[in-house]
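Working notes, structure below.
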Amino acid sequence: MKRLLIPLLTSFGLLVALPAAAQDDVVTLVTHDSFAISESVIQAFQAETGYTLEILRAGDAGILVNQSVLSAGNPLGDVLFGVDNTFLTRALDGDIFLPYASPALEDVPESLQLDADENRVTPIDFGDVCLNYDAEFFAAAGAPPVPESLDALTDPAYAGLLTVQHPATSSPGLAFLMATIAAFGDSDDTDGYTYLDFWRDLAANDVYISEGWTDAYYGQFSGAAGNEGTRPLVVSYASSPAAEVYYAESAPEVQPTGAITGPGTCFRQIEFAGILDGTDNEAGAQALIDFMLTPAFQEDMPLNMFVYPVIPDAVIPQVFADTVTLSDEPVSLDPALIDANRERWIQEWVETVLQ
Amino acid sequence: MGRNSSAIRRRLSQAAFGAALAAPLLFLLAFFVNPLASIFGVSFIRADGGLDLSGFLNIASSSYYRNILAFTAVQAVISTAVTMAIAVPCALVFARYQFRGKSTLLSLATLPFVLPPVVVAAAFIALLGERGLVNDMLLAIGASDDALLRIERTFGLILLAHVFYNVPVALRILVAFLANQSGTPEEAGRMLGANRRQVFRFISVPLLRPALLSAALIVFIFCFSSFGIVLILGGPQFATLEVEIYRQAAGIFNLPLAGALAVVQLGAMLLAMSAYLASTRRTAALYSGKRAARPIRTVRDRIAVACAVVLLGILLFTPLAAILIRAISPDGTVTLRYFALLAQVPRASVLAVPAVQTIGTSLVIACVAAILSVGLGTALSLLIRQTSGRLGRLVDTVTMLPLATSAVTLGFGFIIALSRPPLDLRSSFWMIPIAHTLIGLPFVVRSVLPSLQSIPRSINEAALLLGARPAQRVLYVDIPLVRRALLVGAAFAFTTSLGEFGAGLFLARPNTPTISTAIYRFLGQPGINNYGQAYALSAMLLLVCLLCFLLIERFRPADASEL
Amino acid sequence: MPMLSVRHLTKSFGTQRILDDISLEVSAGQILALLGASGSGKSTLLRCIAGLEPLDAGEILWQDVPLQNTPSHERGFGLVFQDFALFPHMTVAENIVFGLRMAGKSAAEQRATVVTLLKLIGLAGYDGRHVDTLSGGQKQRVALARSLAPRPRLLMLDEPLGSLDAVLREQLAIDIRAILKETHTTALYVTHDLREAFASADAVAVMQDGVIDQIGTPQELFSRPRSAHTARLLGLTNILPASLFGDASQTGDVLLHAAHLRLAAEADSRPLAQAVVTRVTYEGWRHRIDSKLSSSHEVTLYQDGSKPAPQSGEAITLHAGPDALIPLAPAPAGRTTR
């Protein structure tokens with residue numbers, strides 16, 4: 001017995017102790033599955049600051065925030081990136097961030113600074129959640145026209161064409177739900193067509209519900225290059241068409257996909273980063289936040305995550321400028337309003353769509 | 001002086017032995033009672049201390065949650081009915097006829113019992129998914145130019161997976177029961193003038209009824225608490241209580257509602273579990289002796305046996321074959337590329353570590369869980385044997401409770417109970433091993449306790465009178481005598497931990513995913529790389545489980561009762 | 001000085017009193033047999049002495065030191081079980097040295113003990129045998145050797161031959177006595193078999209319904225059984241009302257000791273009663289003669305098998321030797337609940 005016990009205890013001791021023995025020169029970025037950045041930018045960060053960057057993907061944005069709230073004070077890493085304005089209040093109420101006002105914030109437009117008083121989170125990028133369409137499908141003879149508004153989606157002509165994400169497990173899904181609430185009104189709007197009526201019609205029109213964005217875009221959407229999806233309409237980003245062009249093997253003659261950016265159809269999403277309370281490398285975490293606002297990082301984001309930089313001076317890549325139109329009238333909801341109603345909206349949505 | 005020091009030593013060793021026996025009770029208190037109490041806490045008590053019934057009101061008032069409750073029950077009933085419809089005729093054939101390969105087939109048929117739900121889900125996607133083997137074959141023979149079989153994310157696929165899982169369970173219970181029916185009641189019936197049909201109707205069926213009930217109840221329990229299968233194969237449209245608890249807690253963060261659902265789930269499981277235990281006691285009372293199976297004689301016999309064997313063969317082995325085929329050929333061409341990918345971490349990977357590392361993580365967790373389950377389970381069994389009467393029965397029942405508590409509920413309880421002092425284990429390695437220990441504990445106790453109880457009292461007294469202290473007696477006499485049962489219990493705990501999904505999904509941290517959560521994340525992502533890796537990883541997990549299964553079958557006592 | 005003393009020991013299970021005010025002593029090197037029918041409480045007494053059952057009242061002392069707070073494994077007593085209770089997962093040698101291992105004795109000492117004991121019990125060379133492969137008698141001897149190995153201060157044997165064939169028992173009991181004497185072991189030997197008790201023990205304690213009826217050497221017991229119960233246990237069945245043979249006002253019973261009953265007058269005998277032979281049974285070395293007195297009481301006597309026996313129906317005169325009439329004490333005040 002004893003012969004066995006000692007090596008066993010030793011190995012468990014090691015196992016348990018190992019994660020705790022993190023070095024001080026490592027900064028761990030906890031983020032969602034869609035995070036991507038160029039290797040050269042990571043190298044630049046390491047060269048400039050001396051810190052090694054480790055990236056930990058925790059799942060979709062909602063799970064990321066929830067997991068961080070659950071591990072408040074004892075975080076998975078040093079910096080969290082990927083909380084957006086639809087989940088912002090939950091993260092702030094969860095007390096998971098240390099305040100930090102980066103000097104680079106001066107250049108960021110005030111409209112994007114949603115926690116300007118305390119600076120617990122720093123805006124890093126923004127983008128519009130919009131419907132994307134498969135250009136080839138809609139160009140075909142007999143196909144309906146590209147829908148211009150949300151109303152149009154309930155038309156039988158668009159039956160079986162749309163894929164959306166579950167708002168409980170996907171942040172574009174939640175953002176799109178917000179867009180419909182802004183467009184059709186909350187359910188307490190007793191006289192008239194509310195967002196729930198819209199969703200009921202959409203469900204009747206055979207909408208496909210995916211768990212997350214990746215599954216919807218790369219699994220179901222027919223416009224994404226090289227996949228076998230069958231639905232020509234998907235909830236994605238205004239910038240997604242740029243990705244299709246950018247990643248195409250040879251420059252396409254016509255843009256393979258497009259975004260529908262008409263008034264009231266897009267939801268503006270701002271993504272934030274924050275220093276996780278309980279970090280054992282606060283200096284490194286601050287250095288990473290500062291770095292995320294440098295042109296090197298900001299200008300690399302568009303082609304990696306297809307979002308817009310928050311620094312106005314950042315140079316936007318040509319392909320972006322050519323293919324992306326931001327919505328003139330994006331919808332946005334007050335974070336406090338979102339926080340007060342988020343669960344009710346999701347539940348009402350679930351009850352209406354997933355019956 | 002010498003007398004005094006020996007008295008002190010004696011006290012100390014008694015105290016240490018007592019502590020060793022009490023340790024599992026403390027463990028259950030801290031890691032089972034405490035999380036469950038926390039679930040009751042979040043579901044009933046508001047932050048300010050007042051009574052909060054909003055979660056329950058929500059469930060009661062919302063048709064969505066009522067529907068989930070109804071779906072959970074209805075799918076379990078349908079799954080149970082279909083399972084029994086297949087298992088009962090097969091069991092009758094297996095019990096009645098003796099044929100070559102019968103015991104091997106019967107033994108292999110229990111394999112699904114040790115298979116992780118993610119592997120089974122992956123297997124059914126590999127076989128019947130839109131880009132699965134069956135559709136590939138239909139396309140190849142030109143039956144259609146599009147995927148013909150479209151049952152992904154339908155109840156049909158969930159049902160098939162449940163049937164796959166549970167036919168073996170029902171089969172094993174029924175065959176064990178039928179093989180222990182002496183046949184004399186039927187003969188007595190014939191002697192009293194009943195014809196064949198009357199014997200069947202008035203004697204055979206009533207005799208079999210308790211075993212049918214008991215098999216149906218355990219299948220119902222498994223289907224009612226199904227999580228991984230429904231989550232992966234069902235998609236967002238389908239939710240059992242288990243799945244909804246996970247969604248509410250991890251996705252929407254509605255803890256009161258998740259807690260209320262967990263309380264409902266717990267209540268339902270306890271009810272079903274106690275009905276099951278009562279039915280097994282009735283079944284065991286009807287064991288009357290051995291019945292010899294007869295050889296195949298007529299064409300009718302031959303057809304019956306062939307049907308049963310082919311049906312079981314198709315049901316049980318095609319999904320497993322599909323996963324092995326897809327692992328080396330996810331898209332039609334044979335390649336080991338996806339096994340190689342497991343060792344890499346592309347920047348865009350959903351995993352922060354190479355996928356092979358998840359195998360190591362899971363193996364270490366399973367080892368720890370198996371060792372802890374065996375240690376605590378043995379101590380608990382000793383305690384139950386030692387304490388006679390009501391107290392012993394109470395400890396026995398408490399030990400069985402984790403079996404009635406679903407893994408998701410347990411994982412949820414851990415998240416909310418063990419994330420604050422004095423037990424703050426959030427970032428610790430121990431969360432998952434401890435949860436898995438609780439899940440493995442009932443298996444170990446069920447295996448070890450009967451073995452321990454069958455040791456004659458005189459053997460223990462002989463050791464005592466030869467000067468063995470209680471601890472020495474346990475070490476040199478009890479444990480060597482129950483070593484086979486210990487091995488079987490350990491292998492069960494190990495295998496269960498290795499494939500465990502529900503608790504792992506709650507508790508695994510992104511930097512140390514388990515093999516099951518890794519497969520789940522791969523399956524949730526589109527693209528051949530992700531599917532390929534999911535299949536490759538599933539195939540490896542399948543093979544490890546197969547090894548454990550062979551170990552269990554090798555050492556299981558021949559007449560051990562099921563569960 | 002007595003080694004083991006049991007004083008006023010009382011023990012009940014529920015409302016059932018199993019042992020009632022038991023007192024006995026065993027001196028160094030003595031073998032005391034506890035003889036009684038099943039249910040007489042003799043095994044419970046053994047278990048109490050072993051510390052396997054707690055006492056209700058009374059005390060157990062070893063060399064005048066009370067043992068109440070000494071757990072079984074520290075009493076230094078050995079016990080041979082009726083089912084032998086050999087450890088099925090160990091070899092013969094491993095079984096035998098178990099007690100020495102527990103005491104932390106050296107491997108050399110363990111080996112030496114195995115050799116000595118196997119020789120003593122006549123199983124030399126059986127060291128490596130698995131206990132499952134032994135016959136019943138062999139198992140019994142291994143169990144004995146296992147209990148002797150740690151040199152117990154007191155060895156208790158609980159029906160050690162109870163699960164063996166009757167023909168083997170007497171010889172094995174003699175063997176056990178020889179081994180115990182050779183090892184100078186103080187022993188308590190529980191049995192329900194008279195012949196086993198007489199063959200093995202220096203003294204016999206007769207138990208009935210939880211009390212000790214009589215303690216004495218086999219000769220003392222046989223020649224002067226104290227009560228009708230003890231007499232019957234010893235196979236002495238001629239128990240008749242005392243009033244038949246003397247003062248008609250006498251109460252109680254008297255034993256007509258078959259060993260001292262004759263058919264013909266001898267120098268030291270006197271005629272006792274007239275009887276009619278009811279049955280004659282030839283038992284080889286003796287005839288058993290059942291007869292009936294005029295009072296209808298039955299009397300059994302024996303006659304040398306080589307001599308001619310009376311016929312059934314024949315009238316005979318019973319002659320009594322000097323110790324033939326033994327007055328019996330009333331039944332002991334034992335358990336009254338049964």
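Residues are named by chain letter and number: chains run A, B, ... in the order of the structure tokens, numbers start at 1 in each chain, and ligands are numbered from 1 in the order shown.
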
Tell me, as a count of residues only, which residues lie within 10 Å of Leu86 of chain C, counting only C-alpha atoms; anything in the same chain fewer than 3 positions away does not count.
-> 21

Select all residues from chain B having any atom no more than 9 Å from an atom of chain C (counting only C-alpha atoms, ignoring ligands), output as a VMD selection string.
-> chain B and resid 456 to 470 472 477 480 to 481

Specify as a PyMOL selection string all residues of chain B found within 8 Å of chain A, counting only C-alpha atoms.
-> chain B and resi 63-64+67+235-237+247+250-254+347-348+350-352+415-416+419+426-430+509-511+524-527

Distance query Asn304 of chain A at most 12 Å, only C-alpha atoms, self and fewer than 2 positions along chain excluded, as an NGL selection string = (:A and (34-39 or 41 or 125 or 239-240 or 242-244 or 246-247 or 297-302 or 306-309 or 317 or 320)) or (:B and (347-348))

Nearby residues (only C-alpha atoms) at most 12 Å from Leu261 of chain B, same-chain spacing under 5 positions excluded, as a PDB file with C-alpha atoms, in the first residue's frame:
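As written to disk, selection_14.pdb reads:
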```pdb
ATOM      1  CA  ILE B  39     -28.942  24.134  -5.371  1.00  0.00           C
ATOM      2  CA  PHE B  40     -31.891  24.287  -3.003  1.00  0.00           C
ATOM      3  CA  VAL B  42     -30.299  29.279  -5.174  1.00  0.00           C
ATOM      4  CA  SER B  43     -33.670  27.942  -6.164  1.00  0.00           C
ATOM      5  CA  PHE B  44     -35.544  28.889  -2.968  1.00  0.00           C
ATOM      6  CA  LEU B  53     -40.168  30.821  -5.638  1.00  0.00           C
ATOM      7  CA  SER B  54     -39.712  32.673  -8.911  1.00  0.00           C
ATOM      8  CA  GLY B  55     -37.892  29.756 -10.501  1.00  0.00           C
ATOM      9  CA  PHE B  56     -40.728  27.382  -9.698  1.00  0.00           C
ATOM     10  CA  LEU B  57     -43.410  29.879 -10.638  1.00  0.00           C
ATOM     11  CA  ASN B  58     -41.588  30.355 -13.909  1.00  0.00           C
ATOM     12  CA  ILE B  59     -41.609  26.613 -14.559  1.00  0.00           C
ATOM     13  CA  ALA B  60     -45.237  26.289 -13.583  1.00  0.00           C
ATOM     14  CA  TYR B  65     -40.845  24.698 -19.307  1.00  0.00           C
ATOM     15  CA  ARG B  66     -43.968  22.607 -18.964  1.00  0.00           C
ATOM     16  CA  ILE B  68     -39.638  20.512 -21.485  1.00  0.00           C
ATOM     17  CA  LEU B  69     -40.916  18.554 -18.528  1.00  0.00           C
ATOM     18  CA  THR B  72     -38.390  14.725 -20.905  1.00  0.00           C
ATOM     19  CA  THR B 240     -34.583  17.405 -21.526  1.00  0.00           C
ATOM     20  CA  LEU B 241     -34.562  18.813 -18.021  1.00  0.00           C
ATOM     21  CA  GLU B 242     -30.861  18.030 -17.874  1.00  0.00           C
ATOM     22  CA  VAL B 243     -30.094  19.952 -21.036  1.00  0.00           C
ATOM     23  CA  GLU B 244     -32.216  22.891 -19.919  1.00  0.00           C
ATOM     24  CA  ILE B 245     -30.450  22.996 -16.539  1.00  0.00           C
ATOM     25  CA  TYR B 246     -27.171  23.254 -18.411  1.00  0.00           C
ATOM     26  CA  ARG B 247     -28.450  25.934 -20.788  1.00  0.00           C
ATOM     27  CA  GLN B 248     -29.995  28.000 -18.025  1.00  0.00           C
ATOM     28  CA  ALA B 249     -26.953  27.785 -15.795  1.00  0.00           C
ATOM     29  CA  ASN B 254     -30.410  32.091 -14.717  1.00  0.00           C
ATOM     30  CA  LEU B 255     -29.378  30.307 -11.537  1.00  0.00           C
ATOM     31  CA  PRO B 256     -32.748  30.351  -9.710  1.00  0.00           C
ATOM     32  CA  LEU B 266     -33.844  15.426  -8.433  1.00  0.00           C
ATOM     33  CA  GLY B 267     -37.340  14.760  -7.146  1.00  0.00           C
ATOM     34  CA  ALA B 268     -38.327  12.827 -10.260  1.00  0.00           C
ATOM     35  CA  SER B 406     -27.628  13.434 -12.514  1.00  0.00           C
ATOM     36  CA  VAL B 408     -25.375  17.832 -14.712  1.00  0.00           C
ATOM     37  CA  THR B 409     -27.067  18.567 -11.394  1.00  0.00           C
ATOM     38  CA  PHE B 412     -24.100  22.662 -11.361  1.00  0.00           C
TER      39      PHE B 412
END
```

Per DSSP on the backbone, what are the strand (DSSP E or B) residues of segment 109-232 of chain C, as number ranges by chain?
-> C: 130, 154-158, 187-191, 203-208, 211-216, 227

Exercise: Ser516 of chain B partners within 7 Å, only C-alpha atoms, chain neighbours under 6 positions left out, as number ranges by chain | B: 118, 499-501

With N, CA and C atoms kept, could you save the residues just selected as a compact mmCIF listing (two decimals), in the first residue's frame?
```txt
# COMPACT_ATOMS: atom_id res chain seq x y z
N VAL B 118 -20.78 11.09 -25.51
CA VAL B 118 -20.27 11.83 -26.67
C VAL B 118 -19.83 10.89 -27.76
N GLY B 499 -15.43 8.72 -19.62
CA GLY B 499 -16.36 9.19 -20.64
C GLY B 499 -17.37 10.18 -20.11
N GLU B 500 -17.25 10.55 -18.83
CA GLU B 500 -18.27 11.40 -18.21
C GLU B 500 -18.32 12.74 -18.92
N PHE B 501 -19.54 13.24 -19.10
CA PHE B 501 -19.70 14.43 -19.92
C PHE B 501 -20.39 15.56 -19.17
```

Which value, in Å to one decimal, gives the distance between atom CA of Phe220 of chain B and atom CA of Val305 of chain B?
-> 27.1 Å
